[in-house]
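Shown next, in structure tokens, is the structure this report addresses.
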Amino acid sequence: MHSKHSRLDRFIAKSCQIPLKSVKPLLARGVITVNGVPVNDGQWRVCEFDRIECQGTMLQHRSPLYLLLHKPVGVVCATRDKQHTTVLDLIDHPAKDELHIVGRLDLNTSGLVLLTNDGRWSRRLTAPESKVPKRYQVRVKDPLDDRYVQAFAEGMYFETENIVTAPVALTITSATTADLVLTEGKYHQIKRMFGRFRNPVLALHRSAVGSYELDDSLAPGEFRLLEVPRDGRHSR
């Protein structure tokens with residue numbers, strides 16, 4: 001059982017299958033510990049990654065897990081798929097079934113994919129109000145010019161969603177390639193924006209999400225573990 005920001009007394013009662021009123025004497029005796037420290041306040045807030053023991057019995061011991069994967073083209077950002085290899089199929093880790101995907105890429109887009117079992121971390125990275133920058137490299141069919149730079153910076157109206165996209169920084173790197181930085185991720189946004197110019201996207205690669213970057217040390221299909229500082233323990 002995993003707690004998710006619940007009160008300690010309620011977590012103990014549920015885990016040990018005892019009445020809530022029976023938890024108070026245990027707290028008073030100091031036999032309930034959180035991360036190795038006795039806690040006597042039943043209202044103490046615990047999270048899914050706190051190590052919780054009661055009378056020497058481990059009730060919860062779960063570690064947060066963060067991975068950075070180099071997704072190849074042709075691999076789907078899903079946990080299961082009957083037709084294609086999934087990102088989880090590429091991961092060799094005993095706790096991989098706990099992972100969820102932080103910001104998906106479509107089948108034909110390569111690059112950085114983050115995975116975790118920490119819901120708070122993934123929500124911080126994907127919440128629209130966080131405005132976490134995402135960096136892409138794109139190759140298109142026809143030559144680029146300053147019209148693209150201006151149009152992407154101004155944002156484009158998407159009729160389906162009835163929204164104007166946030167400004168996208170586009171830097172032309174060759175006749176048909178560019179770097180892009182955007183702070184949102186609407187459905188097929190980059191391809192749709194180039195579609196306004198009737199300029200097909202031939203290749204799309206994500207190289208960074210916030211401070212997490214994909215470098216040449218990680219080949220397509222490989223992953224590495226990330227060390228993410230925790231925010232500090234939860235208090236009441």
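Letters for chains follow the order of the structure tokens (A, B, ...), residue numbers begin at 1 for each chain, and ligand numbers begin at 1 in the order shown.
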(message) Residues near Leu204 (chain A), anyone? I mean within 12 Å using only C-alpha atoms, not counting same-chain ones fewer than 3 positions away, as a VMD selection string.
(response) chain A and resid 71 to 73 105 to 112 135 to 140 177 to 180 188 to 191 194 200 to 201 207
Within 12 Å of region 22-41 of chain A: each region 56-90 of chain A residue with its shortest pair, only C-alpha atoms, as a tab-separated table:
```
residue	atom	partner	partner_atom	distance
A:Gly56	CA	A:Val31	CA	7.5
A:Thr57	CA	A:Ile32	CA	9.3
A:Met58	CA	A:Thr33	CA	9.6
A:Leu59	CA	A:Ile32	CA	10.1
A:Gln60	CA	A:Val34	CA	9.5
A:His61	CA	A:Asn35	CA	9.1
A:Arg62	CA	A:Asn35	CA	11.2
A:Ser63	CA	A:Asn35	CA	11.8
```
(request) Could you check how far CA of Lys21 (chain A) sits from CA of Gly42 (chain A), in Å to one decimal? (result)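 Taking CA of Lys21 (chain A) and CA of Gly42 (chain A), their separation equals 10.3 Å.
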(message) Calculated over only C-alpha atoms, which of the candidates A:Asp146, A:Cys16, A:Pro133, A:His70 has the smallest distance to Gln55 (chain A)?
(response)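 Answer, going by the shortest atom-to-atom distance: A:Cys16.
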(request) Identify which of the residues A:Pro19, A:Val132, A:Tyr212, A:Asn162 lies closest to Glu227 (chain A), counting only C-alpha atoms when measuring atom-to-atom distances. (result)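 Looking only at the distances to Glu227 (chain A), the closest residue turns out to be A:Tyr212.
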(request) Find the residues around Arg7 (chain A) up to 9 Å (only C-alpha atoms counted), leave out those fewer than 6 positions away in its own chain, and share them as a count of residues only. (result) 7
(message) Please compute the CA of Gly185 (chain A)-CA of Lys131 (chain A) distance, one decimal, in Å.
(response)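 One can read the CA of Gly185 (chain A) to CA of Lys131 (chain A) distance as 10.0 Å.
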(message) Which residues are near Val181 (chain A)? Cut-off 6 Å, only C-alpha atoms, ignore same chain within fewer than 4 positions. Put them as a list in words.
(response)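 Near Val181 (chain A), the qualifying residues are Lys134, Arg135, Val168 and Ala169 of chain A.
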Using the selection just defined, write its residues with C-alpha atoms as a PDB file, in the first residue's frame.
```pdb
ATOM      1  CA  LYS A 134      10.867  22.165 -24.359  1.00  0.00           C
ATOM      2  CA  ARG A 135      13.542  22.271 -27.063  1.00  0.00           C
ATOM      3  CA  VAL A 168       7.407  29.694 -30.004  1.00  0.00           C
ATOM      4  CA  ALA A 169      11.039  30.716 -30.456  1.00  0.00           C
TER       5      ALA A 169
END
```
(request) Please identify all polymer residues within 10 Å of Arg196 (chain A), counting only C-alpha atoms, omitting same-chain residues fewer than 5 positions from it, and present them as a ChimeraX atom specification. (result) /A:148,151,156,191
For the selection just defined, write its residues with C-alpha atoms to a file, as a PDB file, in the first residue's frame.
```pdb
ATOM      1  CA  TYR A 148       8.335  31.465 -40.053  1.00  0.00           C
ATOM      2  CA  ALA A 151       4.578  33.653 -37.292  1.00  0.00           C
ATOM      3  CA  MET A 156      -1.173  30.685 -34.291  1.00  0.00           C
ATOM      4  CA  LYS A 191       3.599  19.821 -37.332  1.00  0.00           C
TER       5      LYS A 191
END
```
(request) Considering only C-alpha atoms, return as a list in words whatever protein or nucleic-acid residues lie within 8 Å of Leu67 (chain A), sequence-local ones (same chain, fewer than 6 positions apart) excluded. (result) Leu114, Leu115, Thr116, Phe223, Arg224, Leu225 and Leu226 of chain A
(request) Would you list, as number ranges by chain, the residues of region 61-106 of chain A that end up in strand (DSSP E) under DSSP run on this structure's backbone? (result) A: 66-71, 100-102
(message) If DSSP is run on the backbone, what residues of region 83-191 of chain A are helix (DSSP H, G or I)? A reply as a ChimeraX atom specification would be ideal.
(response) /A:88-90,96-98,119-126,128-130,146-154,189-191
(request) Could you tell me which of A:Val113, A:Lys141, A:Ser174, A:Ala219 comes closest to Gly195 (chain A) if we count only C-alpha atoms? (result) A:Lys141
(request) Grab the CA of Ser211 (chain A) to CA of Gly103 (chain A) distance for me, in Å with one decimal place. (result)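 Taking CA of Ser211 (chain A) as the start and CA of Gly103 (chain A) as the end point, the length is 14.5 Å.
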